[in-house]
>>> print(open('target-v2.cif').read())   # mmCIF, C-alpha atoms and all ligand atoms
data_structure
loop_
_atom_site.label_atom_id
_atom_site.label_comp_id
_atom_site.auth_asym_id
_atom_site.auth_seq_id
_atom_site.Cartn_x
_atom_site.Cartn_y
_atom_site.Cartn_z
CA MET X 1069 14.15 -4.25 18.95
CA SER X 1070 11.76 -2.81 16.41
CA ASP X 1071 11.46 -4.70 13.14
CA THR X 1072 10.90 -1.53 11.15
CA GLN X 1073 13.13 1.37 10.19
CA THR X 1074 12.31 4.89 9.08
CA ILE X 1075 13.09 6.31 5.67
CA THR X 1076 12.32 9.79 4.30
CA ARG X 1077 11.64 10.63 0.67
CA LYS X 1078 10.98 13.99 -1.01
CA ILE X 1079 7.85 14.05 -3.16
CA GLN X 1080 6.70 16.99 -5.24
CA LEU X 1081 3.04 17.92 -4.88
CA PHE X 1082 0.84 20.22 -6.90
CA PRO X 1083 -2.55 21.54 -5.74
CA VAL X 1084 -5.63 20.21 -7.55
CA GLY X 1085 -7.88 23.05 -8.71
CA ASP X 1086 -8.08 26.31 -10.63
CA LYS X 1087 -5.81 29.33 -10.27
CA GLU X 1088 -7.77 30.65 -7.30
CA GLU X 1089 -7.56 27.32 -5.48
CA ILE X 1090 -3.83 27.03 -6.17
CA ASP X 1091 -3.29 30.50 -4.70
CA ARG X 1092 -5.36 29.56 -1.67
CA VAL X 1093 -3.24 26.42 -1.06
CA TYR X 1094 0.08 28.27 -1.40
CA LYS X 1095 -1.11 30.96 1.00
CA TYR X 1096 -2.38 28.35 3.48
CA ILE X 1097 0.98 26.59 3.56
CA ARG X 1098 2.97 29.83 3.77
CA ASP X 1099 0.79 31.22 6.59
CA GLY X 1100 0.80 27.82 8.30
CA MET X 1101 4.60 27.72 8.34
CA TYR X 1102 4.88 31.28 9.57
CA ASN X 1103 2.46 30.80 12.46
CA GLN X 1104 3.75 27.38 13.42
CA ASN X 1105 7.38 28.50 13.54
CA LYS X 1106 6.64 31.74 15.32
CA ALA X 1107 4.62 29.87 17.97
CA TYR X 1108 7.41 27.28 18.27
CA ASN X 1109 9.99 29.97 18.94
CA ILE X 1110 7.82 31.65 21.58
CA LEU X 1111 7.05 28.35 23.31
CA ILE X 1112 10.62 27.05 23.36
CA SER X 1113 12.09 30.28 24.70
CA ASN X 1114 9.45 30.38 27.47
CA VAL X 1115 10.14 26.76 28.43
CA TYR X 1116 13.88 27.41 28.31
CA SER X 1117 13.78 30.41 30.64
CA ALA X 1118 11.46 28.56 33.02
CA ILE X 1119 13.88 25.64 33.27
CA TYR X 1120 16.89 27.97 33.45
CA SER X 1121 15.39 29.94 36.36
CA GLY X 1122 14.55 26.72 38.22
CA LYS X 1123 10.74 26.78 37.87
CA SER X 1124 8.77 23.76 39.14
CA LYS X 1125 7.43 20.97 36.90
CA GLU X 1126 3.88 22.30 37.44
CA GLU X 1127 4.89 25.75 36.28
CA ILE X 1128 6.57 24.32 33.19
CA ASP X 1129 3.52 22.18 32.43
CA ASP X 1130 1.44 25.35 32.67
CA ILE X 1131 3.61 26.98 30.02
CA TYR X 1132 2.99 24.03 27.69
CA LYS X 1133 -0.74 24.25 28.42
CA ARG X 1134 -0.83 27.97 27.61
CA GLY X 1135 1.21 27.25 24.50
CA GLN X 1136 -1.64 25.08 23.24
CA ARG X 1137 -4.23 27.83 23.56
CA LYS X 1138 -5.32 30.40 21.03
CA PRO X 1139 -4.97 33.94 22.40
CA LYS X 1140 -8.03 35.60 23.98
CA GLU X 1141 -8.44 39.33 23.51
CA ASN X 1142 -9.36 40.22 27.10
CA ASP X 1143 -7.26 37.62 28.97
CA SER X 1144 -3.55 37.94 28.27
CA ASP X 1145 -2.63 35.16 30.77
CA TYR X 1146 -4.85 32.60 29.06
CA SER X 1147 -2.47 31.93 26.18
CA LEU X 1148 1.27 32.22 25.74
CA TYR X 1149 0.69 34.31 22.63
CA LYS X 1150 -0.53 37.89 22.35
CA SER X 1151 -3.83 38.55 20.67
CA GLY X 1152 -3.33 38.85 16.91
CA GLU X 1153 0.18 37.44 17.16
CA ILE X 1154 -0.55 33.83 16.18
CA ASP X 1155 -3.21 32.44 13.88
CA PHE X 1156 -2.96 28.64 13.89
CA PRO X 1157 -3.73 27.04 10.50
CA LYS X 1158 -7.26 25.69 10.20
CA GLY X 1159 -7.57 21.89 10.22
CA MET X 1160 -4.01 21.25 11.42
CA MET X 1161 -2.86 20.05 14.86
CA THR X 1162 -0.15 22.69 15.08
CA GLN X 1163 -0.46 23.28 18.85
CA ALA X 1164 0.03 19.58 19.63
CA SER X 1165 2.75 19.25 16.99
CA ILE X 1166 4.87 22.12 18.34
CA LYS X 1167 4.45 20.91 21.92
CA MET X 1168 5.91 17.56 20.88
CA ALA X 1169 8.65 19.22 18.85
CA VAL X 1170 9.65 21.59 21.68
CA LYS X 1171 9.72 18.73 24.22
CA ASN X 1172 11.95 16.66 21.94
CA ASP X 1173 14.23 19.53 20.98
CA ILE X 1174 14.71 20.66 24.59
CA LYS X 1175 15.59 17.09 25.56
CA THR X 1176 18.11 16.80 22.73
CA ALA X 1177 19.62 20.23 23.47
CA LYS X 1178 19.88 19.31 27.16
CA GLY X 1179 21.85 16.21 26.19
CA ASN X 1180 24.15 18.44 24.14
CA GLY X 1181 24.80 20.68 27.15
CA LEU X 1182 22.26 23.47 26.58
CA PHE X 1183 22.15 24.55 30.22
CA LYS X 1184 25.93 24.38 30.54
CA GLY X 1185 26.38 26.94 27.81
CA LYS X 1186 27.65 24.33 25.38
CA SER X 1187 24.80 24.59 22.94
CA SER X 1188 22.37 27.30 21.96
CA LEU X 1189 18.60 27.26 22.13
CA PRO X 1190 17.15 25.76 18.94
CA THR X 1191 14.90 28.15 17.05
CA LYS X 1192 13.14 27.82 13.74
CA ARG X 1193 13.30 29.94 10.60
CA LEU X 1194 9.83 31.29 9.84
CA ASN X 1195 9.77 29.27 6.61
CA ALA X 1196 10.86 25.99 8.21
CA PRO X 1197 8.76 22.97 7.10
CA LEU X 1198 5.14 22.64 8.16
CA ILE X 1199 4.68 19.64 10.45
CA VAL X 1200 1.93 17.28 9.24
CA GLU X 1201 0.74 14.41 11.39
CA SER X 1202 0.15 11.01 9.78
CA GLN X 1203 -3.62 11.21 10.22
CA GLN X 1204 -3.79 14.50 8.31
CA PHE X 1205 -2.98 13.13 4.88
CA ASN X 1206 -3.46 10.04 2.80
CA PHE X 1207 -2.82 8.90 -0.74
CA TYR X 1208 -5.57 7.80 -3.12
CA TYR X 1209 -6.33 7.21 -6.79
CA ASN X 1210 -9.42 7.70 -8.92
CA TYR X 1211 -9.15 4.43 -10.85
CA GLU X 1212 -12.17 2.19 -10.64
CA ASN X 1213 -10.18 -0.48 -8.82
CA TYR X 1214 -6.76 -1.46 -7.61
CA ALA X 1215 -5.94 -3.54 -10.69
CA ASP X 1216 -6.39 -0.49 -12.90
CA PHE X 1217 -4.02 1.41 -10.63
CA LEU X 1218 -1.42 -1.36 -10.92
CA ASN X 1219 -1.76 -1.36 -14.70
CA GLU X 1220 -0.87 2.34 -14.78
CA LEU X 1221 1.82 2.17 -12.09
CA PHE X 1222 4.80 2.46 -14.44
CA SER X 1223 3.16 4.52 -17.16
CA GLU X 1224 3.49 8.23 -17.97
CA LYS X 1225 -0.17 8.69 -17.21
CA LEU X 1226 -0.13 7.44 -13.61
CA GLU X 1227 -2.31 9.65 -11.40
CA VAL X 1228 -2.07 9.51 -7.63
CA PHE X 1229 -3.42 12.13 -5.26
CA MET X 1230 -2.91 13.17 -1.69
CA LYS X 1231 -5.80 14.31 0.45
CA PHE X 1232 -4.76 16.95 2.96
CA VAL X 1233 -6.62 19.04 5.56
CA ASN X 1234 -8.85 22.06 4.90
CA GLY X 1235 -10.31 20.63 1.69
CA ILE X 1236 -6.90 20.55 -0.03
CA ASN X 1237 -6.04 17.86 -2.58
CA PHE X 1238 -2.63 17.49 -4.19
CA LYS X 1239 -1.54 15.62 -7.26
CA VAL X 1240 1.69 13.65 -6.79
CA ILE X 1241 4.27 14.65 -9.43
CA PHE X 1242 6.08 11.54 -10.65
CA GLY X 1243 7.83 12.61 -13.83
CA ASN X 1244 9.67 10.19 -16.09
CA PRO X 1245 8.73 6.55 -15.22
CA HIS X 1246 12.38 5.42 -15.41
CA LYS X 1247 13.61 8.08 -13.04
CA SER X 1248 10.72 7.69 -10.61
CA HIS X 1249 10.78 3.91 -10.33
CA GLU X 1250 11.54 3.93 -6.61
CA LEU X 1251 8.82 6.46 -5.82
CA ARG X 1252 6.25 4.42 -7.74
CA CYS X 1253 7.24 1.28 -5.81
CA ILE X 1254 6.94 3.24 -2.57
CA ILE X 1255 3.39 4.31 -3.45
CA GLN X 1256 2.51 0.68 -4.22
CA ASN X 1257 3.97 -0.40 -0.87
CA ILE X 1258 1.85 2.22 0.90
CA PHE X 1259 -1.32 0.96 -0.78
CA GLU X 1260 -0.38 -2.63 0.04
CA GLU X 1261 0.20 -1.57 3.66
CA VAL X 1262 3.79 -2.84 3.65
CA TYR X 1263 5.05 0.70 4.33
CA LYS X 1264 3.33 2.81 6.96
CA VAL X 1265 3.06 6.59 6.63
CA GLN X 1266 4.39 8.52 9.65
CA GLY X 1267 4.33 12.15 10.74
CA SER X 1268 5.97 14.13 7.91
CA SER X 1269 6.39 17.73 6.79
CA ILE X 1270 5.68 20.06 3.89
CA GLN X 1271 8.05 22.76 2.63
CA PHE X 1272 8.95 24.74 -0.46
CA ASP X 1273 12.00 23.97 -2.58
CA ASN X 1274 14.90 26.44 -2.99
CA THR X 1275 13.04 28.43 -5.61
CA GLY X 1276 10.08 28.78 -3.26
CA LYS X 1277 7.77 27.62 -6.03
CA LYS X 1278 7.56 23.87 -5.69
CA ILE X 1279 5.70 22.22 -2.82
CA ILE X 1280 7.69 19.31 -1.37
CA LEU X 1281 6.41 16.63 0.97
CA ASN X 1282 9.14 15.17 3.19
CA LEU X 1283 7.44 11.81 3.50
CA SER X 1284 8.49 9.73 6.46
CA LEU X 1285 7.78 5.98 6.27
CA ALA X 1286 8.13 3.00 8.58
CA ILE X 1287 9.42 0.15 6.43
CA PRO X 1288 10.25 -3.46 7.34
CA LYS X 1289 13.94 -4.04 8.10
CA LYS X 1290 15.82 -5.77 5.35
CA ARG X 1291 14.85 -9.40 5.24
CA MET X 1292 17.12 -12.41 5.22
CA GLU X 1293 18.81 -13.07 1.92
CA LEU X 1294 16.54 -15.01 -0.42
CA ASP X 1295 17.73 -18.50 -1.25
CA GLU X 1296 18.67 -18.78 -4.92
CA ASN X 1297 17.99 -22.54 -4.80
CA THR X 1298 14.50 -22.37 -3.34
CA VAL X 1299 11.61 -22.23 -5.80
CA VAL X 1300 7.89 -22.10 -5.04
CA GLY X 1301 5.70 -23.94 -7.54
CA VAL X 1302 2.12 -22.69 -7.79
CA ASP X 1303 -0.60 -24.75 -9.39
CA LEU X 1304 -3.64 -22.63 -10.18
CA GLY X 1305 -6.60 -24.97 -10.23
CA VAL X 1306 -10.32 -25.30 -10.08
CA ALA X 1307 -10.76 -27.49 -7.00
CA ILE X 1308 -8.24 -25.39 -5.11
CA PRO X 1309 -7.43 -21.93 -6.47
CA ALA X 1310 -3.74 -22.14 -5.60
CA VAL X 1311 -1.53 -24.96 -4.34
CA CYS X 1312 1.98 -23.94 -3.24
CA VAL X 1313 4.91 -26.30 -2.76
CA LEU X 1314 8.72 -26.03 -2.70
CA ASN X 1315 11.18 -27.66 -5.08
CA ASN X 1316 13.48 -28.71 -2.21
CA ASP X 1317 11.21 -29.57 0.72
CA GLU X 1318 8.78 -32.48 0.66
CA TYR X 1319 6.69 -31.23 3.55
CA ALA X 1320 6.24 -27.51 2.88
CA LYS X 1321 2.92 -27.00 1.15
CA GLU X 1322 -0.13 -24.78 1.33
CA PHE X 1323 -3.57 -25.15 -0.19
CA ILE X 1324 -5.10 -21.73 -0.64
CA GLY X 1325 -8.84 -21.12 -0.93
CA SER X 1326 -11.49 -23.55 -2.07
CA LYS X 1327 -13.63 -24.08 -5.11
CA ASP X 1328 -16.74 -23.67 -3.02
CA ASP X 1329 -16.19 -20.27 -1.51
CA PHE X 1330 -15.26 -18.89 -4.89
CA LEU X 1331 -17.72 -20.60 -7.20
CA ARG X 1332 -20.70 -20.40 -4.88
CA VAL X 1333 -20.72 -16.64 -4.75
CA ARG X 1334 -19.70 -16.30 -8.35
CA THR X 1335 -22.46 -18.59 -9.62
CA LYS X 1336 -25.05 -16.84 -7.50
CA ILE X 1337 -24.11 -13.45 -8.89
CA GLN X 1338 -24.13 -14.79 -12.45
CA ALA X 1339 -27.60 -16.33 -12.01
CA GLN X 1340 -29.01 -13.11 -10.63
CA LYS X 1341 -27.47 -11.18 -13.46
CA LYS X 1342 -28.91 -13.54 -16.05
CA ARG X 1343 -32.43 -13.18 -14.62
CA LEU X 1344 -32.08 -9.43 -14.72
CA GLN X 1345 -30.81 -9.47 -18.30
CA LYS X 1346 -33.77 -11.64 -19.29
CA SER X 1347 -36.29 -9.28 -17.76
CA LEU X 1348 -34.61 -6.39 -19.53
CA LYS X 1349 -34.94 -8.12 -22.87
CA PHE X 1350 -38.71 -8.29 -22.53
CA SER X 1351 -39.17 -4.79 -21.21
CA GLY X 1352 -37.92 -3.29 -24.49
CA GLY X 1353 -36.77 0.29 -24.84
CA GLY X 1354 -38.42 3.39 -23.47
CA HIS X 1355 -38.56 5.16 -20.22
CA GLY X 1356 -37.98 2.46 -17.63
CA ARG X 1357 -34.99 0.97 -19.34
CA ASN X 1358 -32.21 3.14 -18.02
CA LYS X 1359 -33.53 2.71 -14.54
CA LYS X 1360 -33.36 -1.05 -14.97
CA LEU X 1361 -29.84 -0.99 -16.40
CA LYS X 1362 -28.51 0.44 -13.16
CA PRO X 1363 -28.87 -2.75 -11.10
CA LEU X 1364 -27.28 -4.72 -13.94
CA LYS X 1365 -24.27 -2.45 -13.77
CA LYS X 1366 -24.20 -2.97 -10.03
CA PHE X 1367 -24.08 -6.75 -10.47
CA GLU X 1368 -21.25 -6.41 -12.93
CA ASP X 1369 -19.27 -4.22 -10.53
CA TYR X 1370 -19.92 -6.60 -7.67
CA GLU X 1371 -18.81 -9.56 -9.75
CA LYS X 1372 -15.64 -7.80 -10.83
CA ASN X 1373 -14.82 -6.67 -7.29
CA PHE X 1374 -15.40 -10.12 -5.87
CA VAL X 1375 -12.96 -11.71 -8.31
CA GLN X 1376 -10.50 -8.99 -7.47
CA THR X 1377 -10.79 -9.21 -3.72
CA TYR X 1378 -10.46 -12.96 -3.94
CA SER X 1379 -7.43 -12.71 -6.26
CA HIS X 1380 -5.75 -10.31 -3.85
CA MET X 1381 -6.27 -12.70 -0.98
CA VAL X 1382 -4.93 -15.69 -2.88
CA SER X 1383 -1.93 -13.82 -4.35
CA LYS X 1384 -1.00 -12.38 -0.97
CA ARG X 1385 -0.91 -15.85 0.58
CA VAL X 1386 1.18 -17.23 -2.29
CA VAL X 1387 3.76 -14.47 -1.78
CA ASP X 1388 3.64 -14.90 2.02
CA PHE X 1389 4.44 -18.58 1.49
CA ALA X 1390 7.47 -17.67 -0.64
CA VAL X 1391 8.67 -15.07 1.89
CA LYS X 1392 8.29 -17.55 4.75
CA HIS X 1393 10.58 -20.01 2.97
CA ASN X 1394 13.04 -17.36 1.64
CA ALA X 1395 12.33 -18.48 -1.91
CA ARG X 1396 14.04 -16.42 -4.61
CA TYR X 1397 11.61 -17.62 -7.31
CA ILE X 1398 7.95 -18.35 -7.80
CA ASN X 1399 7.11 -20.55 -10.78
CA VAL X 1400 3.64 -20.35 -12.30
CA GLU X 1401 2.23 -21.90 -15.45
CA ASP X 1402 2.23 -19.73 -18.50
CA LEU X 1403 -1.40 -19.80 -19.56
CA GLU X 1404 -1.12 -17.46 -22.50
CA GLY X 1405 -2.79 -18.99 -25.52
CA TYR X 1406 -3.62 -22.07 -23.49
CA ASN X 1407 -7.31 -22.92 -23.64
CA ALA X 1408 -7.40 -26.60 -22.80
CA ASN X 1409 -9.97 -26.03 -20.15
CA ASP X 1410 -12.28 -23.24 -21.02
CA PHE X 1411 -14.32 -23.81 -17.88
CA ILE X 1412 -11.34 -22.67 -15.85
CA LEU X 1413 -10.78 -19.56 -17.90
CA ARG X 1414 -14.44 -18.66 -17.68
CA ASN X 1415 -14.63 -19.01 -13.93
CA TRP X 1416 -11.35 -17.92 -12.63
CA SER X 1417 -9.29 -14.94 -13.65
CA TYR X 1418 -5.90 -16.57 -13.89
CA TYR X 1419 -4.28 -13.70 -15.64
CA LYS X 1420 -5.29 -11.35 -12.90
CA LEU X 1421 -4.04 -13.73 -10.26
CA GLU X 1422 -0.68 -14.18 -11.99
CA GLN X 1423 -0.40 -10.44 -12.36
CA TYR X 1424 -1.12 -9.85 -8.66
CA ILE X 1425 1.41 -12.49 -7.64
CA THR X 1426 4.03 -10.77 -9.82
CA TYR X 1427 3.29 -7.31 -8.38
CA LYS X 1428 3.33 -8.46 -4.77
CA ALA X 1429 6.43 -10.64 -5.18
CA ARG X 1430 8.38 -7.67 -6.59
CA ILE X 1431 8.11 -5.94 -3.22
CA TYR X 1432 10.35 -8.63 -1.72
CA GLY X 1433 12.67 -9.03 -4.68
CA ILE X 1434 11.12 -12.38 -5.55
CA GLU X 1435 11.06 -13.14 -9.26
CA VAL X 1436 8.01 -14.74 -10.87
CA ARG X 1437 8.83 -17.08 -13.76
CA LYS X 1438 6.43 -18.58 -16.24
CA VAL X 1439 6.93 -22.21 -17.13
CA ASN X 1440 5.56 -24.32 -19.95
CA PRO X 1441 2.30 -25.84 -18.70
CA TYR X 1442 2.56 -28.79 -21.06
CA HIS X 1443 2.35 -32.11 -19.13
CA THR X 1444 2.73 -30.56 -15.68
CA SER X 1445 -0.27 -32.56 -14.50
CA GLN X 1446 0.75 -35.87 -16.13
CA ILE X 1447 4.35 -36.26 -15.02
CA CYS X 1448 5.08 -38.04 -11.75
CA SER X 1449 6.86 -35.57 -9.47
CA CYS X 1450 8.48 -38.46 -7.57
CA CYS X 1451 10.19 -40.38 -10.37
CA GLY X 1452 9.66 -38.21 -13.46
CA HIS X 1453 7.68 -40.86 -15.34
CA TRP X 1454 5.32 -39.48 -17.98
CA GLU X 1455 2.35 -41.33 -19.30
CA GLU X 1456 -1.18 -40.33 -20.33
CA GLY X 1457 -3.91 -41.09 -17.83
CA GLN X 1458 -1.89 -40.91 -14.62
CA ARG X 1459 -4.12 -38.12 -13.42
CA ILE X 1460 -7.08 -40.29 -12.55
CA ASP X 1461 -9.51 -37.47 -11.90
CA GLN X 1462 -9.56 -33.86 -10.77
CA ALA X 1463 -8.09 -34.72 -7.37
CA HIS X 1464 -6.03 -37.92 -7.74
CA PHE X 1465 -2.73 -38.81 -9.37
CA LYS X 1466 -1.28 -42.32 -9.52
CA CYS X 1467 2.09 -43.07 -11.12
CA LYS X 1468 2.06 -46.08 -13.45
CA SER X 1469 5.79 -46.59 -12.92
CA CYS X 1470 6.67 -46.05 -9.26
CA GLY X 1471 3.13 -46.34 -7.95
CA ALA X 1472 3.18 -43.04 -6.04
CA GLU X 1473 -0.31 -41.80 -5.16
CA LEU X 1474 -0.55 -38.07 -4.78
CA ASN X 1475 -3.00 -35.21 -4.65
CA ALA X 1476 -3.16 -34.18 -8.31
CA ASP X 1477 -2.74 -30.44 -7.64
CA PHE X 1478 0.17 -31.10 -5.29
CA ASN X 1479 1.84 -33.24 -7.98
CA ALA X 1480 1.37 -30.54 -10.61
CA ALA X 1481 2.72 -27.83 -8.28
CA LYS X 1482 5.81 -29.97 -7.62
CA ASN X 1483 6.46 -30.29 -11.35
CA ILE X 1484 6.02 -26.55 -11.79
CA ALA X 1485 8.50 -25.88 -8.95
CA LYS X 1486 11.09 -28.18 -10.53
CA SER X 1487 10.52 -27.09 -14.14
CA LYS X 1488 13.33 -25.43 -16.09
CA ASP X 1489 11.21 -24.98 -19.19
CA PHE X 1490 10.75 -21.22 -18.89
CA ARG X 1491 8.75 -19.16 -21.32
ZN ZN X 1501 6.49 -42.15 -10.29
#
>>> encode(input="target-v2.cif", output="C-alpha cells")
Amino acid sequence: MSDTQTITRKIQLFPVGDKEEIDRVYKYIRDGMYNQNKAYNILISNVYSAIYSGKSKEEIDDIYKRGQRKPKENDSDYSLYKSGEIDFPKGMMTQASIKMAVKNDIKTAKGNGLFKGKSSLPTKRLNAPLIVESQQFNFYYNYENYADFLNELFSEKLEVFMKFVNGINFKVIFGNPHKSHELRCIIQNIFEEVYKVQGSSIQFDNTGKKIILNLSLAIPKKRMELDENTVVGVDLGVAIPAVCVLNNDEYAKEFIGSKDDFLRVRTKIQAQKKRLQKSLKFSGGGHGRNKKLKPLKKFEDYEKNFVQTYSHMVSKRVVDFAVKHNARYINVEDLEGYNANDFILRNWSYYKLEQYITYKARIYGIEVRKVNPYHTSQICSCCGHWEEGQRIDQAHFKCKSCGAELNADFNAAKNIAKSKDFR
C-alpha cells in the first residue's frame, strides 16, 4: 500500500505583469480551456464509437494517435481534428493530457455500464479546467535565501510565485495570515519536499474573474500518534553541533555533524575574506574599488549560505530523530541573552538552528520548548548531583557523587531532555 495520500487545495493566482501581460494570460488560459475541451470531446466520441462498433485494438490505438496530432491543411486523415478547428495551447502537453483523461474516463464509464446503456458518454464543458502536468509549474520566491522566506511565512507581506509555461508567472494570493495558515504551511511543506506536487488544473471562479489553481498534492499518510511522554533533548555544542537523546531511553542517541567539517570551511572562508578586506584597505578609493568589492560580497554570500545549508542539514536530522521516536517534544536550550561562551556564538548560528528546528518540527506537530540553560552541563544526568567542575573538559563529564563517566554533550542533552524549567 502507498504511504502517501492525495489532497487538493484551491489557490488563487494572479498574473505578474502589466495590463497587457495580464490580458495575454487570461486569453491564454481561456483559449487553452476551449481547445483542450473541444479536442477532448472529439477524441472521446471517436473512441466511443470505435469501441461501440467493435473496432480492433489497432484501430482504436490509431484514433488515439491521430488525436495527438495537430491538423494538417492538405491531409484530413492525418489528425482527428479538422484544419482550423483546434489550436493547442503553446507550451502545454494538452494532447498527452487529454489522451490520458479520455483513457481514464472511458475506463470509468465502462465500469459504470456505458456500453450497456446505463451511463452516458462523459463530455466536457468548453470552460472546464485546464489540465496542467506537474512538470509544467513550480513555486518559487525572490528572497535571498530560505531563511528569509521562513521569516516572512506568516506575515502580510509574504510573496510566493508560480512559474508556469509560455513565460507566464503568477503571484500566489494568500490574504489574511490567520485565514491562510493552512495554505502557508502547505507552501512550506512543498519547499521542504514533504509534499509533492502532482498533475493539477487551472480554472476560473464563478465570477469568471479569478484564476484558481486546483493544486493536487501527494502527502504522507497520517503518522502514528506522537508520545506525550517522549522528549528529545538537544545539546547544541562546539565539538558536535547537535547531540540528540531521549528522556526515557538510555540507548537512543545521535551525534550530528562534527566541529571539523563546519569550522574548517568556515575558518577558510573567513581567512580569505580577511585577506581581501586588507588588500582593499590599502587600495583606497577610486576606480578599481567597486570591482574589488564584488568578490568580498561573494565571500559574504558564500559564508552565509554555508551556515544555512549546514543548519538545514543539522535541523533536519534533529527532527528526523524526534519523528523516528514519536517524540511529542523537542527541548533545546534557550540561548537568548546567554553569552557565556562568545566563541560559540561567533562560530555557530544557534539562533538560526533553533529556528530551523522549530519550523521543521511544526510540520509533524512536534513542539519545540526552550529550557533554562543554567547548569545543564554541570548536573549529573544519572543521579542529579550538581557540583562545579564535574565537566572535566569539552568532551568529558565525571560525577563526583555517583562516579558516572559520560560524554559531556550526551550528559547535557540528557539534562535538557529531562528539564521542566521552561522559558
Ligand atoms: Zn551522578
>>> residues_near_ligand(input="target-v2.cif", ligand="ligand ZN 1501 (chain X)", cutoff="10 Å", atoms="only C-alpha atoms and all ligand atoms", output="list in words")
Ile1447, Cys1448, Ser1449, Cys1450, Cys1451, Gly1452, His1453, Trp1454, Glu1455, Gln1458, Phe1465, Lys1466, Cys1467, Lys1468, Ser1469, Cys1470, Gly1471, Ala1472, Glu1473 and Leu1474 of chain X
>>> residues_around(input="target-v2.cif", residues="stretch 1230-1237 of chain X", least_positions_apart="4", cutoff="10 Å", atoms="all atoms listed in the file", output="tab-separated table (two decimals) with C-alpha atoms, in the frame of the given file")
chain	number	residue	atom	x	y	z
X	1081	LEU	CA	3.04	17.92	-4.88
X	1082	PHE	CA	0.84	20.22	-6.90
X	1083	PRO	CA	-2.55	21.54	-5.74
X	1084	VAL	CA	-5.63	20.21	-7.55
X	1085	GLY	CA	-7.88	23.05	-8.71
X	1089	GLU	CA	-7.56	27.32	-5.48
X	1090	ILE	CA	-3.83	27.03	-6.17
X	1092	ARG	CA	-5.36	29.56	-1.67
X	1093	VAL	CA	-3.24	26.42	-1.06
X	1096	TYR	CA	-2.38	28.35	3.48
X	1157	PRO	CA	-3.73	27.04	10.50
X	1158	LYS	CA	-7.26	25.69	10.20
X	1159	GLY	CA	-7.57	21.89	10.22
X	1160	MET	CA	-4.01	21.25	11.42
X	1200	VAL	CA	1.93	17.28	9.24
X	1203	GLN	CA	-3.62	11.21	10.22
X	1204	GLN	CA	-3.79	14.50	8.31
X	1205	PHE	CA	-2.98	13.13	4.88
X	1206	ASN	CA	-3.46	10.04	2.80
X	1207	PHE	CA	-2.82	8.90	-0.74
X	1208	TYR	CA	-5.57	7.80	-3.12
X	1209	TYR	CA	-6.33	7.21	-6.79
>>> closest_residue(input="target-v2.cif", among="X:His1380, X:His1393, X:Arg1134, X:Lys1140", to="X:Val1313", atoms="only C-alpha atoms")
X:His1393
>>> atom_distance(input="target-v2.cif", atom1="atom CA of X:Ile1324", atom2="atom CA of X:Ile1308")
6.6 Å
>>> atom_distance(input="target-v2.cif", atom1="atom CA of X:Lys1184", atom2="atom CA of X:Tyr1132")
23.1 Å
>>> atom_distance(input="target-v2.cif", atom1="atom CA of X:Ile1255", atom2="atom CA of X:Asn1373")
21.6 Å
>>> closest_residue(input="target-v2.cif", among="X:Asp1295, X:Glu1250, X:Asp1091, X:Asp1216", to="X:Arg1077", atoms="all atoms listed in the file")
X:Glu1250
>>> closest_residue(input="target-v2.cif", among="X:His1246, X:Arg1396, X:Lys1138, X:Lys1365", to="X:Gln1345", atoms="all atoms listed in the file")
X:Lys1365
>>> residues_near_point(input="target-v2.cif", point="(11.4, 0.8, 10.1)", cutoff="10 Å", atoms="only C-alpha atoms", output="ChimeraX atom specification")
/X:1070-1075,1263-1264,1285-1290
>>> write_last_selection(input="target-v2.cif", atoms="C-alpha atoms", output="PDB file, in the coordinates of the input")
ATOM      1  CA  SER X1070      11.760  -2.810  16.410  1.00  0.00           C
ATOM      2  CA  ASP X1071      11.460  -4.700  13.140  1.00  0.00           C
ATOM      3  CA  THR X1072      10.900  -1.530  11.150  1.00  0.00           C
ATOM      4  CA  GLN X1073      13.130   1.370  10.190  1.00  0.00           C
ATOM      5  CA  THR X1074      12.310   4.890   9.080  1.00  0.00           C
ATOM      6  CA  ILE X1075      13.090   6.310   5.670  1.00  0.00           C
ATOM      7  CA  TYR X1263       5.050   0.700   4.330  1.00  0.00           C
ATOM      8  CA  LYS X1264       3.330   2.810   6.960  1.00  0.00           C
ATOM      9  CA  LEU X1285       7.780   5.980   6.270  1.00  0.00           C
ATOM     10  CA  ALA X1286       8.130   3.000   8.580  1.00  0.00           C
ATOM     11  CA  ILE X1287       9.420   0.150   6.430  1.00  0.00           C
ATOM     12  CA  PRO X1288      10.250  -3.460   7.340  1.00  0.00           C
ATOM     13  CA  LYS X1289      13.940  -4.040   8.100  1.00  0.00           C
ATOM     14  CA  LYS X1290      15.820  -5.770   5.350  1.00  0.00           C
TER      15      LYS X1290
END
>>> closest_residue(input="target-v2.cif", among="X:Glu1141, X:Glu1127, X:Glu1153, X:Glu1201", to="X:Val1265", atoms="all atoms listed in the file")
X:Glu1201
>>> closest_residue(input="target-v2.cif", among="X:Glu1322, X:Asn1297, X:Ile1258, X:Leu1364", to="X:Lys1341", atoms="only C-alpha atoms")
X:Leu1364
>>> closest_residue(input="target-v2.cif", among="X:Thr1076, X:Asn1210, X:Asn1399, X:Thr1444", to="X:Ile1425", atoms="only C-alpha atoms")
X:Asn1399
>>> residues_around(input="target-v2.cif", residues="X:Lys1133", least_positions_apart="6", cutoff="12 Å", atoms="all atoms listed in the file", output="PyMOL selection string")
chain X and resi 1111+1114-1115+1126-1127+1145-1149+1163-1164+1166-1167
>>> axis_aligned_box(input="target-v2.cif", around="stretch 1249-1257 of chain X", padding_each_side="8 Å", output="AutoDock Vina command-line options")
--center_x 7.0 --center_y 3.0 --center_z -5.6 --size_x 25.0 --size_y 22.9 --size_z 25.5
>>> residues_near_point(input="target-v2.cif", point="(7.1, -22.4, -10.5)", cutoff="12 Å", atoms="all atoms listed in the file", output="number ranges by chain")
X: 1298-1304, 1310-1315, 1386, 1390, 1395-1402, 1422, 1425, 1434-1441, 1444, 1480-1491
